[in-house]
$ cat run_14.pdb   # PDB, C-alpha atoms (C1' of nucleotides)
ATOM      1  CA  MET A 821     -10.857 -26.669   9.139
ATOM      2  CA  ALA A 822     -13.108 -24.158   7.410
ATOM      3  CA  ALA A 823     -12.260 -23.876   3.748
ATOM      4  CA  ASP A 824     -15.086 -21.546   2.756
ATOM      5  CA  THR A 825     -13.455 -18.218   3.519
ATOM      6  CA  PRO A 826     -10.532 -17.428   1.271
ATOM      7  CA  THR A 827      -8.319 -15.519   3.660
ATOM      8  CA  GLU A 828      -6.274 -13.033   1.742
ATOM      9  CA  LEU A 829      -2.912 -12.335   3.237
ATOM     10  CA  PRO A 830      -1.612  -8.812   2.649
ATOM     11  CA  ARG A 831       0.181  -8.475  -0.660
ATOM     12  CA  ARG A 832       3.030  -6.707   1.050
ATOM     13  CA  PHE A 833       4.121 -10.187   2.178
ATOM     14  CA  LEU A 834       4.753 -11.203  -1.421
ATOM     15  CA  PRO A 835       8.561 -10.753  -1.428
ATOM     16  CA  ASP A 836       8.789 -12.602   1.878
ATOM     17  CA  PHE A 837       6.699 -15.450   0.540
ATOM     18  CA  LEU A 838       8.773 -15.625  -2.611
ATOM     19  CA  LEU A 839      12.020 -15.797  -0.660
ATOM     20  CA  LEU A 840      10.664 -18.456   1.682
ATOM     21  CA  SER A 841       9.180 -20.449  -1.193
ATOM     22  CA  LEU A 842      12.540 -20.403  -2.931
ATOM     23  CA  LYS A 843      14.207 -21.460   0.285
ATOM     24  CA  SER A 844      12.047 -24.548   0.663
ATOM     25  CA  ARG A 845      11.986 -25.399  -3.052
ATOM     26  CA  ASP A 846      15.620 -24.552  -3.693
ATOM     27  CA  ARG A 847      14.752 -23.414  -7.221
ATOM     28  CA  SER A 848      11.568 -22.319  -8.943
ATOM     29  CA  TYR A 849      10.107 -19.900 -11.465
ATOM     30  CA  GLY A 850       7.470 -17.194 -11.595
ATOM     31  CA  TYR A 851       4.508 -19.148 -12.817
ATOM     32  CA  GLU A 852       5.003 -21.897 -10.252
ATOM     33  CA  LEU A 853       5.768 -19.457  -7.441
ATOM     34  CA  CYS A 854       2.591 -17.558  -8.235
ATOM     35  CA  GLN A 855       0.519 -20.695  -7.770
ATOM     36  CA  ALA A 856       2.490 -21.581  -4.660
ATOM     37  CA  VAL A 857       1.820 -18.308  -2.871
ATOM     38  CA  GLN A 858      -1.801 -18.349  -4.013
ATOM     39  CA  ALA A 859      -2.196 -21.817  -2.535
ATOM     40  CA  MET A 860      -1.055 -20.348   0.762
ATOM     41  CA  GLY A 861      -3.692 -17.636   0.735
ATOM     42  CA  LEU A 862      -1.763 -14.781  -0.795
ATOM     43  CA  SER A 863      -3.651 -13.949  -3.970
ATOM     44  CA  ALA A 864      -1.084 -12.062  -6.000
ATOM     45  CA  ASP A 865      -1.338 -11.958  -9.766
ATOM     46  CA  LEU A 866       1.387 -13.011 -12.164
ATOM     47  CA  ALA A 867       2.411  -9.460 -12.973
ATOM     48  CA  ALA A 868       3.099  -8.748  -9.304
ATOM     49  CA  VAL A 869       5.090 -11.945  -8.931
ATOM     50  CA  TYR A 870       7.249 -11.276 -11.992
ATOM     51  CA  ARG A 871       7.928  -7.714 -10.942
ATOM     52  CA  SER A 872       8.675  -8.687  -7.372
ATOM     53  CA  LEU A 873      11.138 -11.329  -8.549
ATOM     54  CA  ARG A 874      12.977  -8.801 -10.693
ATOM     55  CA  THR A 875      13.126  -6.445  -7.739
ATOM     56  CA  LEU A 876      14.590  -9.209  -5.595
ATOM     57  CA  GLN A 877      17.157  -9.836  -8.307
ATOM     58  CA  ARG A 878      18.056  -6.158  -8.474
ATOM     59  CA  ARG A 879      18.694  -6.355  -4.738
ATOM     60  CA  ASP A 880      20.908  -9.412  -5.240
ATOM     61  CA  LEU A 881      18.666 -11.650  -3.183
ATOM     62  CA  VAL A 882      17.985 -14.048  -6.048
ATOM     63  CA  ASP A 883      19.726 -15.088  -9.227
ATOM     64  CA  SER A 884      18.061 -16.312 -12.405
ATOM     65  CA  SER A 885      18.804 -18.361 -15.485
ATOM     66  CA  TRP A 886      16.813 -19.655 -18.426
ATOM     67  CA  GLN A 887      15.807 -23.280 -18.535
ATOM     68  CA  PRO A 888      13.865 -25.146 -21.205
ATOM     69  CA  SER A 889      10.528 -26.713 -20.280
ATOM     70  CA  ASP A 890       9.224 -29.963 -21.716
ATOM     71  CA  SER A 891       5.677 -28.643 -21.637
ATOM     72  CA  GLY A 892       5.681 -24.981 -22.672
ATOM     73  CA  PRO A 893       7.963 -22.043 -23.180
ATOM     74  CA  ASP A 894      11.311 -21.605 -21.442
ATOM     75  CA  ARG A 895      11.360 -20.734 -17.779
ATOM     76  CA  ARG A 896      13.316 -18.126 -15.936
ATOM     77  CA  VAL A 897      14.423 -20.149 -12.966
ATOM     78  CA  TYR A 898      15.326 -18.381  -9.750
ATOM     79  CA  VAL A 899      17.601 -19.438  -6.940
ATOM     80  CA  LEU A 900      18.459 -17.711  -3.671
ATOM     81  CA  THR A 901      21.811 -16.016  -3.326
ATOM     82  CA  ASP A 902      23.686 -16.099  -0.033
ATOM     83  CA  THR A 903      22.265 -12.743   0.966
ATOM     84  CA  GLY A 904      18.882 -14.015  -0.216
ATOM     85  CA  ARG A 905      19.119 -16.940   2.154
ATOM     86  CA  ARG A 906      19.814 -14.596   5.009
ATOM     87  CA  ALA A 907      16.956 -12.370   3.867
ATOM     88  CA  ALA A 908      14.632 -15.379   3.822
ATOM     89  CA  ALA A 909      15.524 -16.174   7.409
ATOM     90  CA  GLU A 910      14.805 -12.561   8.290
ATOM     91  CA  SER A 911      11.482 -12.799   6.444
ATOM     92  CA  ALA A 912      10.490 -15.780   8.523
ATOM     93  CA  ARG A 913      11.293 -13.849  11.687
ATOM     94  CA  GLU A 914       9.399 -10.840  10.356
ATOM     95  CA  LEU A 915       6.288 -12.867   9.524
ATOM     96  CA  ALA A 916       6.397 -14.549  12.906
ATOM     97  CA  ARG A 917       6.701 -11.158  14.601
ATOM     98  CA  ILE A 918       3.707  -9.876  12.692
ATOM     99  CA  ARG A 919       1.713 -12.952  13.626
ATOM    100  CA  ASP A 920       2.639 -12.441  17.265
ATOM    101  CA  GLY A 921       1.822  -8.753  16.994
ATOM    102  CA  LEU A 922      -1.585  -9.633  15.628
ATOM    103  CA  THR A 923      -2.179 -12.065  18.455
ATOM    104  CA  ALA A 924      -1.172  -9.439  20.989
ATOM    105  CA  ALA A 925      -3.458  -6.897  19.359
ATOM    106  CA  LEU A 926      -6.386  -9.329  19.354
ATOM    107  CA  VAL A 927      -5.801  -9.992  23.034
ATOM    108  CA  GLU A 928      -5.710  -6.267  23.735
ATOM    109  CA  PHE A 929      -8.922  -5.830  21.784
ATOM    110  CA  ASP A 930     -10.436  -8.517  23.977
ATOM    111  CA  VAL A 931     -11.439 -10.648  21.024
ATOM    112  CA  THR A 932      -9.487 -13.737  21.983
ATOM    113  CA  SER A 933     -12.511 -15.961  21.592
ATOM    114  CA  PRO A 934     -12.274 -18.615  18.890
ATOM    115  CA  VAL A 935     -13.390 -17.704  15.408
ATOM    116  CA  PRO A 936     -16.594 -19.360  14.154
TER     117      PRO A 936
ATOM    118  CA  MET B 992      12.507  -9.244   4.364
ATOM    119  CA  ALA B 993      13.527  -5.792   5.474
ATOM    120  CA  ALA B 994      15.941  -6.022   8.344
ATOM    121  CA  ASP B 995      15.747  -2.380   9.298
ATOM    122  CA  THR B 996      12.234  -2.251  10.769
ATOM    123  CA  PRO B 997      11.567  -3.265  14.384
ATOM    124  CA  THR B 998       8.194  -4.838  13.529
ATOM    125  CA  GLU B 999       5.549  -2.990  11.693
ATOM    126  CA  LEU B1000       2.110  -4.403  11.212
ATOM    127  CA  PRO B1001       0.845  -3.823   7.678
ATOM    128  CA  ARG B1002      -0.867  -0.472   7.281
ATOM    129  CA  ARG B1003      -3.725  -2.130   5.505
ATOM    130  CA  PHE B1004      -4.884  -3.186   8.971
ATOM    131  CA  LEU B1005      -5.442   0.435   9.942
ATOM    132  CA  PRO B1006      -9.229   0.546   9.420
ATOM    133  CA  ASP B1007      -9.594  -2.735  11.303
ATOM    134  CA  PHE B1008      -7.500  -1.434  14.174
ATOM    135  CA  LEU B1009      -9.497   1.784  14.273
ATOM    136  CA  LEU B1010     -12.799  -0.072  14.410
ATOM    137  CA  LEU B1011     -11.551  -2.416  17.113
ATOM    138  CA  SER B1012     -10.031   0.442  19.101
ATOM    139  CA  LEU B1013     -13.330   2.267  18.974
ATOM    140  CA  LYS B1014     -15.099  -0.883  20.038
ATOM    141  CA  SER B1015     -13.010  -1.275  23.178
ATOM    142  CA  ARG B1016     -12.847   2.444  23.961
ATOM    143  CA  ASP B1017     -16.434   3.199  23.050
ATOM    144  CA  ARG B1018     -15.438   6.692  21.869
ATOM    145  CA  SER B1019     -12.226   8.320  20.819
ATOM    146  CA  TYR B1020     -10.621  10.763  18.389
ATOM    147  CA  GLY B1021      -7.949  10.783  15.730
ATOM    148  CA  TYR B1022      -4.967  11.931  17.731
ATOM    149  CA  GLU B1023      -5.605   9.427  20.500
ATOM    150  CA  LEU B1024      -6.403   6.594  18.098
ATOM    151  CA  CYS B1025      -3.174   7.251  16.255
ATOM    152  CA  GLN B1026      -1.177   6.783  19.442
ATOM    153  CA  ALA B1027      -3.265   3.745  20.342
ATOM    154  CA  VAL B1028      -2.582   1.885  17.102
ATOM    155  CA  GLN B1029       1.072   2.928  17.190
ATOM    156  CA  ALA B1030       1.353   1.478  20.684
ATOM    157  CA  MET B1031       0.143  -1.806  19.218
ATOM    158  CA  GLY B1032       2.851  -1.880  16.576
ATOM    159  CA  LEU B1033       1.016  -0.315  13.652
ATOM    160  CA  SER B1034       2.991   2.791  12.860
ATOM    161  CA  ALA B1035       0.508   4.836  10.867
ATOM    162  CA  ASP B1036       0.895   8.577  10.686
ATOM    163  CA  LEU B1037      -1.777  11.079  11.660
ATOM    164  CA  ALA B1038      -2.730  11.869   8.074
ATOM    165  CA  ALA B1039      -3.510   8.222   7.394
ATOM    166  CA  VAL B1040      -5.571   7.958  10.569
ATOM    167  CA  TYR B1041      -7.610  11.068   9.808
ATOM    168  CA  ARG B1042      -8.285  10.012   6.248
ATOM    169  CA  SER B1043      -9.142   6.473   7.267
ATOM    170  CA  LEU B1044     -11.610   7.746   9.848
ATOM    171  CA  ARG B1045     -13.353   9.924   7.253
ATOM    172  CA  THR B1046     -13.540   6.930   4.945
ATOM    173  CA  LEU B1047     -15.116   4.867   7.716
ATOM    174  CA  GLN B1048     -17.603   7.658   8.269
ATOM    175  CA  ARG B1049     -18.434   7.795   4.562
ATOM    176  CA  ARG B1050     -19.161   4.072   4.807
ATOM    177  CA  ASP B1051     -21.410   4.682   7.813
ATOM    178  CA  LEU B1052     -19.279   2.593  10.113
ATOM    179  CA  VAL B1053     -18.562   5.470  12.486
ATOM    180  CA  ASP B1054     -20.236   8.714  13.459
ATOM    181  CA  SER B1055     -18.510  11.861  14.661
ATOM    182  CA  SER B1056     -19.193  14.991  16.662
ATOM    183  CA  TRP B1057     -17.121  17.895  17.950
ATOM    184  CA  GLN B1058     -16.152  18.039  21.573
ATOM    185  CA  PRO B1059     -14.176  20.693  23.436
ATOM    186  CA  SER B1060     -10.921  19.736  25.087
ATOM    187  CA  ASP B1061      -9.625  21.198  28.323
ATOM    188  CA  SER B1062      -6.073  21.048  27.092
ATOM    189  CA  GLY B1063      -5.951  21.959  23.415
ATOM    190  CA  PRO B1064      -8.157  22.455  20.403
ATOM    191  CA  ASP B1065     -11.531  20.805  19.913
ATOM    192  CA  ARG B1066     -11.698  17.138  19.114
ATOM    193  CA  ARG B1067     -13.683  15.305  16.510
ATOM    194  CA  VAL B1068     -14.920  12.389  18.549
ATOM    195  CA  TYR B1069     -15.883   9.171  16.808
ATOM    196  CA  VAL B1070     -18.262   6.416  17.867
ATOM    197  CA  LEU B1071     -19.172   3.153  16.178
ATOM    198  CA  THR B1072     -22.499   2.861  14.414
ATOM    199  CA  ASP B1073     -24.463  -0.380  14.503
ATOM    200  CA  THR B1074     -23.010  -1.456  11.180
ATOM    201  CA  GLY B1075     -19.641  -0.345  12.487
ATOM    202  CA  ARG B1076     -19.986  -2.682  15.444
ATOM    203  CA  ARG B1077     -20.700  -5.551  13.089
ATOM    204  CA  ALA B1078     -17.782  -4.498  10.909
ATOM    205  CA  ALA B1079     -15.513  -4.488  13.964
ATOM    206  CA  ALA B1080     -16.513  -8.056  14.747
ATOM    207  CA  GLU B1081     -15.755  -8.975  11.161
ATOM    208  CA  SER B1082     -12.390  -7.202  11.444
ATOM    209  CA  ALA B1083     -11.516  -9.295  14.464
ATOM    210  CA  ARG B1084     -12.347 -12.446  12.531
ATOM    211  CA  GLU B1085     -10.342 -11.200   9.561
ATOM    212  CA  LEU B1086      -7.269 -10.422  11.657
ATOM    213  CA  ALA B1087      -7.500 -13.792  13.363
ATOM    214  CA  ARG B1088      -7.761 -15.501   9.980
ATOM    215  CA  ILE B1089      -4.706 -13.674   8.730
ATOM    216  CA  ARG B1090      -2.801 -14.628  11.841
ATOM    217  CA  ASP B1091      -3.774 -18.252  11.347
ATOM    218  CA  GLY B1092      -2.900 -18.051   7.656
ATOM    219  CA  LEU B1093       0.483 -16.692   8.620
ATOM    220  CA  THR B1094       1.009 -19.514  11.064
ATOM    221  CA  ALA B1095       0.006 -22.063   8.440
ATOM    222  CA  ALA B1096       2.395 -20.506   5.936
ATOM    223  CA  LEU B1097       5.248 -20.554   8.443
ATOM    224  CA  VAL B1098       4.566 -24.221   9.103
ATOM    225  CA  GLU B1099       4.569 -24.927   5.385
ATOM    226  CA  PHE B1100       7.828 -23.044   5.036
ATOM    227  CA  ASP B1101       9.242 -25.262   7.735
ATOM    228  CA  VAL B1102      10.140 -22.365   9.961
ATOM    229  CA  THR B1103       8.132 -23.464  12.975
ATOM    230  CA  SER B1104      11.049 -22.931  15.299
ATOM    231  CA  PRO B1105      10.548 -20.286  17.983
ATOM    232  CA  VAL B1106      11.500 -16.745  17.150
ATOM    233  CA  PRO B1107      14.484 -15.303  19.069
TER     234      PRO B1107
ATOM    235  C1'  DA C 740       4.368  39.881  24.982
ATOM    236  C1'  DG C 741       6.854  36.386  22.449
ATOM    237  C1'  DT C 742       7.675  31.797  21.442
ATOM    238  C1'  DC C 743       8.399  26.992  22.222
ATOM    239  C1'  DG C 744       6.196  22.563  22.487
ATOM    240  C1'  DC C 745       2.335  19.700  22.745
ATOM    241  C1'  DT C 746      -2.300  18.837  21.293
ATOM    242  C1'  DA C 747      -5.485  18.530  17.445
ATOM    243  C1'  DT C 748      -7.423  18.414  12.683
ATOM    244  C1'  DG C 749      -6.904  18.705   8.417
ATOM    245  C1'  DT C 750      -4.979  19.315   2.947
ATOM    246  C1'  DG C 751      -1.575  18.914  -1.047
ATOM    247  C1'  DT C 752       1.427  16.407  -3.675
ATOM    248  C1'  DG C 753       4.882  13.568  -5.954
ATOM    249  C1'  DA C 754       6.103   8.818  -5.798
ATOM    250  C1'  DA C 755       5.179   4.157  -5.395
ATOM    251  C1'  DT C 756       2.211   0.481  -5.878
ATOM    252  C1'  DC C 757      -1.987  -2.116  -7.560
ATOM    253  C1'  DG C 758      -4.919  -4.341 -10.569
ATOM    254  C1'  DC C 759      -6.211  -5.297 -14.808
ATOM    255  C1'  DA C 760      -5.539  -5.688 -19.722
ATOM    256  C1'  DT C 761      -2.598  -6.818 -23.333
ATOM    257  C1'  DC C 762       1.277  -8.927 -26.005
ATOM    258  C1'  DT C 763       4.369 -12.755 -27.351
ATOM    259  C1'  DA C 764       5.318 -17.527 -27.642
ATOM    260  C1'  DC C 765       5.606 -22.623 -26.866
ATOM    261  C1'  DT C 766       3.061 -27.256 -26.283
ATOM    262  C1'  DC C 767      -0.499 -30.520 -26.452
ATOM    263  C1'  DG C 768      -5.133 -32.457 -27.357
ATOM    264  C1'  DG C 769      -9.201 -32.538 -30.085
TER     265       DG C 769
ATOM    266  C1'  DC D1211      -6.092 -25.423 -37.090
ATOM    267  C1'  DC D1212      -7.696 -23.877 -32.809
ATOM    268  C1'  DG D1213      -8.278 -23.491 -28.032
ATOM    269  C1'  DA D1214      -6.446 -24.161 -23.530
ATOM    270  C1'  DG D1215      -2.741 -24.283 -20.507
ATOM    271  C1'  DT D1216       1.985 -22.743 -19.666
ATOM    272  C1'  DA D1217       5.361 -19.025 -19.313
ATOM    273  C1'  DG D1218       7.266 -14.357 -19.269
ATOM    274  C1'  DA D1219       6.730  -9.464 -19.734
ATOM    275  C1'  DT D1220       4.953  -4.674 -20.465
ATOM    276  C1'  DG D1221       1.390  -0.640 -20.345
ATOM    277  C1'  DC D1222      -1.260   2.242 -17.907
ATOM    278  C1'  DG D1223      -5.010   4.400 -15.245
ATOM    279  C1'  DA D1224      -6.319   4.383 -10.509
ATOM    280  C1'  DT D1225      -5.377   3.968  -5.914
ATOM    281  C1'  DT D1226      -2.494   4.366  -2.009
ATOM    282  C1'  DC D1227       1.588   6.184   0.624
ATOM    283  C1'  DA D1228       4.722   9.016   2.967
ATOM    284  C1'  DC D1229       5.869  13.313   3.939
ATOM    285  C1'  DA D1230       5.418  18.076   4.174
ATOM    286  C1'  DC D1231       2.645  21.856   5.121
ATOM    287  C1'  DA D1232      -1.224  24.798   7.096
ATOM    288  C1'  DT D1233      -4.026  26.166  10.969
ATOM    289  C1'  DA D1234      -5.078  26.722  15.669
ATOM    290  C1'  DG D1235      -5.832  26.252  20.941
ATOM    291  C1'  DC D1236      -3.331  25.812  25.145
ATOM    292  C1'  DG D1237       0.371  25.930  28.972
ATOM    293  C1'  DA D1238       4.889  27.174  30.542
ATOM    294  C1'  DC D1239       8.852  29.612  30.574
ATOM    295  C1'  DT D1240      11.586  34.120  29.695
TER     296       DT D1240
END
$ encode --input "run_14.pdb" --output "structure tokens"
Amino acid sequence: MAADTPTELPRRFLPDFLLLSLKSRDRSYGYELCQAVQAMGLSADLAAVYRSLRTLQRRDLVDSSWQPSDSGPDRRVYVLTDTGRRAAAESARELARIRDGLTAALVEFDVTSPVP
Amino acid sequence: MAADTPTELPRRFLPDFLLLSLKSRDRSYGYELCQAVQAMGLSADLAAVYRSLRTLQRRDLVDSSWQPSDSGPDRRVYVLTDTGRRAAAESARELARIRDGLTAALVEFDVTSPVP
DNA sequence: AGTCGCTATGTGTGAATCGCATCTACTCGG
DNA sequence: CCGAGTAGATGCGATTCACACATAGCGACT
């Protein structure tokens, strides 16, 4: 496993990653989610994460509430709504479709050989 | 995330797709390249394709020349430069890395099940 | 001849997004 | 006290996007 090249996933995946992160963590908050998506190769900054979360809330895909932290300021903790859960499932399908589309494109481009 | 789109590859892949299309076709032009990338699931419009090609030319990755067409107006035909050929190889690696990153993320999200 | 539709290459523009800086504020260790 | 890490949020210039528009050659049909 080559760890030298930091693959940057397109930032347009950010809302999908946030929904899926919330699905697997059940509840989380911006700062943690930012590190989570960064750990998976999507280098979004905090501002983008906060704004994306508010957008998701405006669309009723997540709900938020304040929670105190024992090591820092209060956190705005997000959870998926019912529609959010459905949206997360759709996100997973969407990401898988894109991955498959990429594979198909790479085959068509005749660059199926393994990557160094 | 969005449930209304059939499957659209991120537009940020456009320059990569153009380079790789030119690599496999050896020579082509905007109108044809636009249909080519659309056929592969990247729905970019003509304006984006034309502007992206000029950007690639400014970066010395492609070269262009006018050629008459027997069924319509003249075409600006593009070919890869040497650096463009190297860039295309890098694009292939990049796309493969993104695909693998996507797969890794889907595994981490525990959505490894096959897509319907 | 007119004009519709396809081919073909561009530009113009308002809106959305991005990236980076900045602000506030709490906690803990030195 | 001060700096670093944690946590949320806004401001704003620059870039990008989607869409419309402009121009023009060509073939077919009326």
$ residues_around --input "run_14.pdb" --residues "DC765 of chain C" --least-positions-apart "5" --cutoff "12 Å" --atoms "all atoms listed in the file" --output "count of residues only"
12
$ closest_residue --input "run_14.pdb" --among "A:Ala867, A:Leu839, A:Ala856, A:Val897" --to "DC757 of chain C" --atoms "only C-alpha atoms (C1' of nucleotides)"
A:Ala867
$ residues_around --input "run_14.pdb" --residues "segment 746-756 of chain C" --least-positions-apart "3" --cutoff "9 Å" --atoms "all atoms listed in the file" --output "PDB file with C-alpha atoms (C1' of nucleotides), keeping the file's coordinate frame"
ATOM      1  CA  GLY B1021      -7.949  10.783  15.730  1.00  0.00           C
ATOM      2  CA  TYR B1022      -4.967  11.931  17.731  1.00  0.00           C
ATOM      3  CA  ALA B1038      -2.730  11.869   8.074  1.00  0.00           C
ATOM      4  CA  TYR B1041      -7.610  11.068   9.808  1.00  0.00           C
ATOM      5  CA  SER B1062      -6.073  21.048  27.092  1.00  0.00           C
ATOM      6  CA  GLY B1063      -5.951  21.959  23.415  1.00  0.00           C
ATOM      7  CA  PRO B1064      -8.157  22.455  20.403  1.00  0.00           C
ATOM      8  CA  ASP B1065     -11.531  20.805  19.913  1.00  0.00           C
ATOM      9  CA  ARG B1066     -11.698  17.138  19.114  1.00  0.00           C
ATOM     10  CA  ARG B1067     -13.683  15.305  16.510  1.00  0.00           C
TER      11      ARG B1067
ATOM     12  C1'  DT D1225      -5.377   3.968  -5.914  1.00  0.00           C
ATOM     13  C1'  DT D1226      -2.494   4.366  -2.009  1.00  0.00           C
ATOM     14  C1'  DC D1227       1.588   6.184   0.624  1.00  0.00           C
ATOM     15  C1'  DA D1228       4.722   9.016   2.967  1.00  0.00           C
ATOM     16  C1'  DA D1230       5.418  18.076   4.174  1.00  0.00           C
ATOM     17  C1'  DC D1231       2.645  21.856   5.121  1.00  0.00           C
ATOM     18  C1'  DA D1232      -1.224  24.798   7.096  1.00  0.00           C
ATOM     19  C1'  DT D1233      -4.026  26.166  10.969  1.00  0.00           C
ATOM     20  C1'  DA D1234      -5.078  26.722  15.669  1.00  0.00           C
ATOM     21  C1'  DG D1235      -5.832  26.252  20.941  1.00  0.00           C
ATOM     22  C1'  DC D1236      -3.331  25.812  25.145  1.00  0.00           C
TER      23       DC D1236
END
$ residues_near_point --input "run_14.pdb" --point "(-0.3, -8.3, -25.7)" --cutoff "10 Å" --atoms "only C-alpha atoms (C1' of nucleotides)" --output "MDAnalysis selection string"
(chainID C and resid 760:763) or (chainID D and resid 1219:1221)
$ write_last_selection --input "run_14.pdb" --atoms "C-alpha atoms (C1' of nucleotides)" --output "JSON list (two decimals), in the frame of the given file"
[["chain", "number", "residue", "atom", "x", "y", "z"],
["C", 760, "DA", "C1'", -5.54, -5.69, -19.72],
["C", 761, "DT", "C1'", -2.60, -6.82, -23.33],
["C", 762, "DC", "C1'", 1.28, -8.93, -26.00],
["C", 763, "DT", "C1'", 4.37, -12.76, -27.35],
["D", 1219, "DA", "C1'", 6.73, -9.46, -19.73],
["D", 1220, "DT", "C1'", 4.95, -4.67, -20.46],
["D", 1221, "DG", "C1'", 1.39, -0.64, -20.34]]
$ calpha_fit_and_write --input "run_14.pdb" --fixed "chain A" --moving "chain B" --output "short mmCIF file (atom, residue, chain, number, x, y, z; two decimals) with C-alpha atoms, in the coordinates of the input"
data_model
loop_
_atom_site.label_atom_id
_atom_site.label_comp_id
_atom_site.auth_asym_id
_atom_site.auth_seq_id
_atom_site.Cartn_x
_atom_site.Cartn_y
_atom_site.Cartn_z
CA MET B 992 -14.02 -7.90 8.07
CA ALA B 993 -14.90 -9.20 4.64
CA ALA B 994 -17.04 -12.28 4.95
CA ASP B 995 -16.73 -13.32 1.34
CA THR B 996 -13.09 -14.45 1.27
CA PRO B 997 -12.09 -17.95 2.39
CA THR B 998 -8.82 -16.74 3.95
CA GLU B 999 -6.35 -14.71 2.06
CA LEU B 1000 -2.98 -13.86 3.48
CA PRO B 1001 -2.06 -10.25 2.80
CA ARG B 1002 -0.37 -9.79 -0.56
CA ARG B 1003 2.30 -7.70 1.06
CA PHE B 1004 3.77 -11.01 2.22
CA LEU B 1005 4.45 -12.03 -1.37
CA PRO B 1006 8.17 -11.15 -1.48
CA ASP B 1007 8.69 -12.89 1.86
CA PHE B 1008 6.88 -15.99 0.64
CA LEU B 1009 8.90 -15.99 -2.57
CA LEU B 1010 12.19 -15.76 -0.70
CA LEU B 1011 11.19 -18.50 1.72
CA SER B 1012 9.89 -20.70 -1.08
CA LEU B 1013 13.17 -20.32 -2.89
CA LYS B 1014 15.01 -21.11 0.29
CA SER B 1015 13.23 -24.43 0.77
CA ARG B 1016 13.16 -25.33 -2.92
CA ASP B 1017 16.65 -24.10 -3.69
CA ARG B 1018 15.57 -23.13 -7.22
CA SER B 1019 12.29 -22.44 -8.89
CA TYR B 1020 10.48 -20.24 -11.42
CA GLY B 1021 7.56 -17.85 -11.53
CA TYR B 1022 4.79 -20.16 -12.63
CA GLU B 1023 5.67 -22.78 -10.04
CA LEU B 1024 6.22 -20.23 -7.27
CA CYS B 1025 2.84 -18.72 -8.00
CA GLN B 1026 1.15 -22.07 -7.44
CA ALA B 1027 3.29 -22.68 -4.37
CA VAL B 1028 2.29 -19.46 -2.61
CA GLN B 1029 -1.33 -19.93 -3.67
CA ALA B 1030 -1.29 -23.39 -2.12
CA MET B 1031 -0.25 -21.72 1.13
CA GLY B 1032 -3.19 -19.35 1.11
CA LEU B 1033 -1.63 -16.31 -0.53
CA SER B 1034 -3.65 -15.80 -3.67
CA ALA B 1035 -1.36 -13.64 -5.76
CA ASP B 1036 -1.73 -13.61 -9.51
CA LEU B 1037 1.04 -14.40 -11.97
CA ALA B 1038 1.65 -10.76 -12.86
CA ALA B 1039 2.34 -9.90 -9.23
CA VAL B 1040 4.69 -12.86 -8.87
CA TYR B 1041 6.67 -12.00 -11.99
CA ARG B 1042 6.99 -8.36 -11.04
CA SER B 1043 7.92 -9.19 -7.47
CA LEU B 1044 10.63 -11.56 -8.65
CA ARG B 1045 12.13 -8.88 -10.90
CA THR B 1046 12.08 -6.47 -7.98
CA LEU B 1047 13.90 -9.02 -5.82
CA GLN B 1048 16.44 -9.42 -8.59
CA ARG B 1049 16.92 -5.65 -8.83
CA ARG B 1050 17.64 -5.72 -5.10
CA ASP B 1051 20.17 -8.51 -5.61
CA LEU B 1052 18.25 -10.94 -3.46
CA VAL B 1053 17.78 -13.46 -6.27
CA ASP B 1054 19.57 -14.36 -9.48
CA SER B 1055 17.98 -15.81 -12.59
CA SER B 1056 18.88 -17.83 -15.66
CA TRP B 1057 16.96 -19.40 -18.53
CA GLN B 1058 16.34 -23.10 -18.57
CA PRO B 1059 14.56 -25.22 -21.17
CA SER B 1060 11.47 -27.14 -20.18
CA ASP B 1061 10.50 -30.53 -21.55
CA SER B 1062 6.85 -29.64 -21.45
CA GLY B 1063 6.38 -26.02 -22.47
CA PRO B 1064 8.30 -22.83 -23.05
CA ASP B 1065 11.60 -21.97 -21.40
CA ARG B 1066 11.66 -21.05 -17.76
CA ARG B 1067 13.38 -18.22 -16.00
CA VAL B 1068 14.78 -20.04 -13.02
CA TYR B 1069 15.55 -18.12 -9.85
CA VAL B 1070 18.00 -18.87 -7.05
CA LEU B 1071 18.73 -17.00 -3.84
CA THR B 1072 21.87 -14.92 -3.59
CA ASP B 1073 23.81 -14.73 -0.34
CA THR B 1074 22.04 -11.53 0.63
CA GLY B 1075 18.82 -13.18 -0.45
CA ARG B 1076 19.43 -16.02 1.97
CA ARG B 1077 19.89 -13.53 4.77
CA ALA B 1078 16.79 -11.67 3.64
CA ALA B 1079 14.82 -14.92 3.72
CA ALA B 1080 15.87 -15.50 7.31
CA GLU B 1081 14.76 -11.98 8.12
CA SER B 1082 11.45 -12.63 6.34
CA ALA B 1083 10.86 -15.66 8.52
CA ARG B 1084 11.48 -13.56 11.61
CA GLU B 1085 9.21 -10.84 10.27
CA LEU B 1086 6.35 -13.24 9.54
CA ALA B 1087 6.72 -14.81 12.96
CA ARG B 1088 6.65 -11.37 14.57
CA ILE B 1089 3.50 -10.47 12.70
CA ARG B 1090 1.89 -13.72 13.74
CA ASP B 1091 2.79 -13.03 17.35
CA GLY B 1092 1.57 -9.45 17.03
CA LEU B 1093 -1.70 -10.77 15.69
CA THR B 1094 -2.01 -13.17 18.58
CA ALA B 1095 -1.28 -10.39 21.05
CA ALA B 1096 -3.88 -8.17 19.41
CA LEU B 1097 -6.48 -10.93 19.52
CA VAL B 1098 -5.77 -11.42 23.21
CA GLU B 1099 -6.13 -7.70 23.81
CA PHE B 1100 -9.39 -7.71 21.90
CA ASP B 1101 -10.56 -10.47 24.19
CA VAL B 1102 -11.22 -12.85 21.36
CA THR B 1103 -8.94 -15.63 22.56
CA SER B 1104 -11.62 -18.24 22.08
CA PRO B 1105 -10.85 -20.94 19.52
CA VAL B 1106 -11.85 -20.30 15.95
CA PRO B 1107 -14.63 -22.54 14.56
#
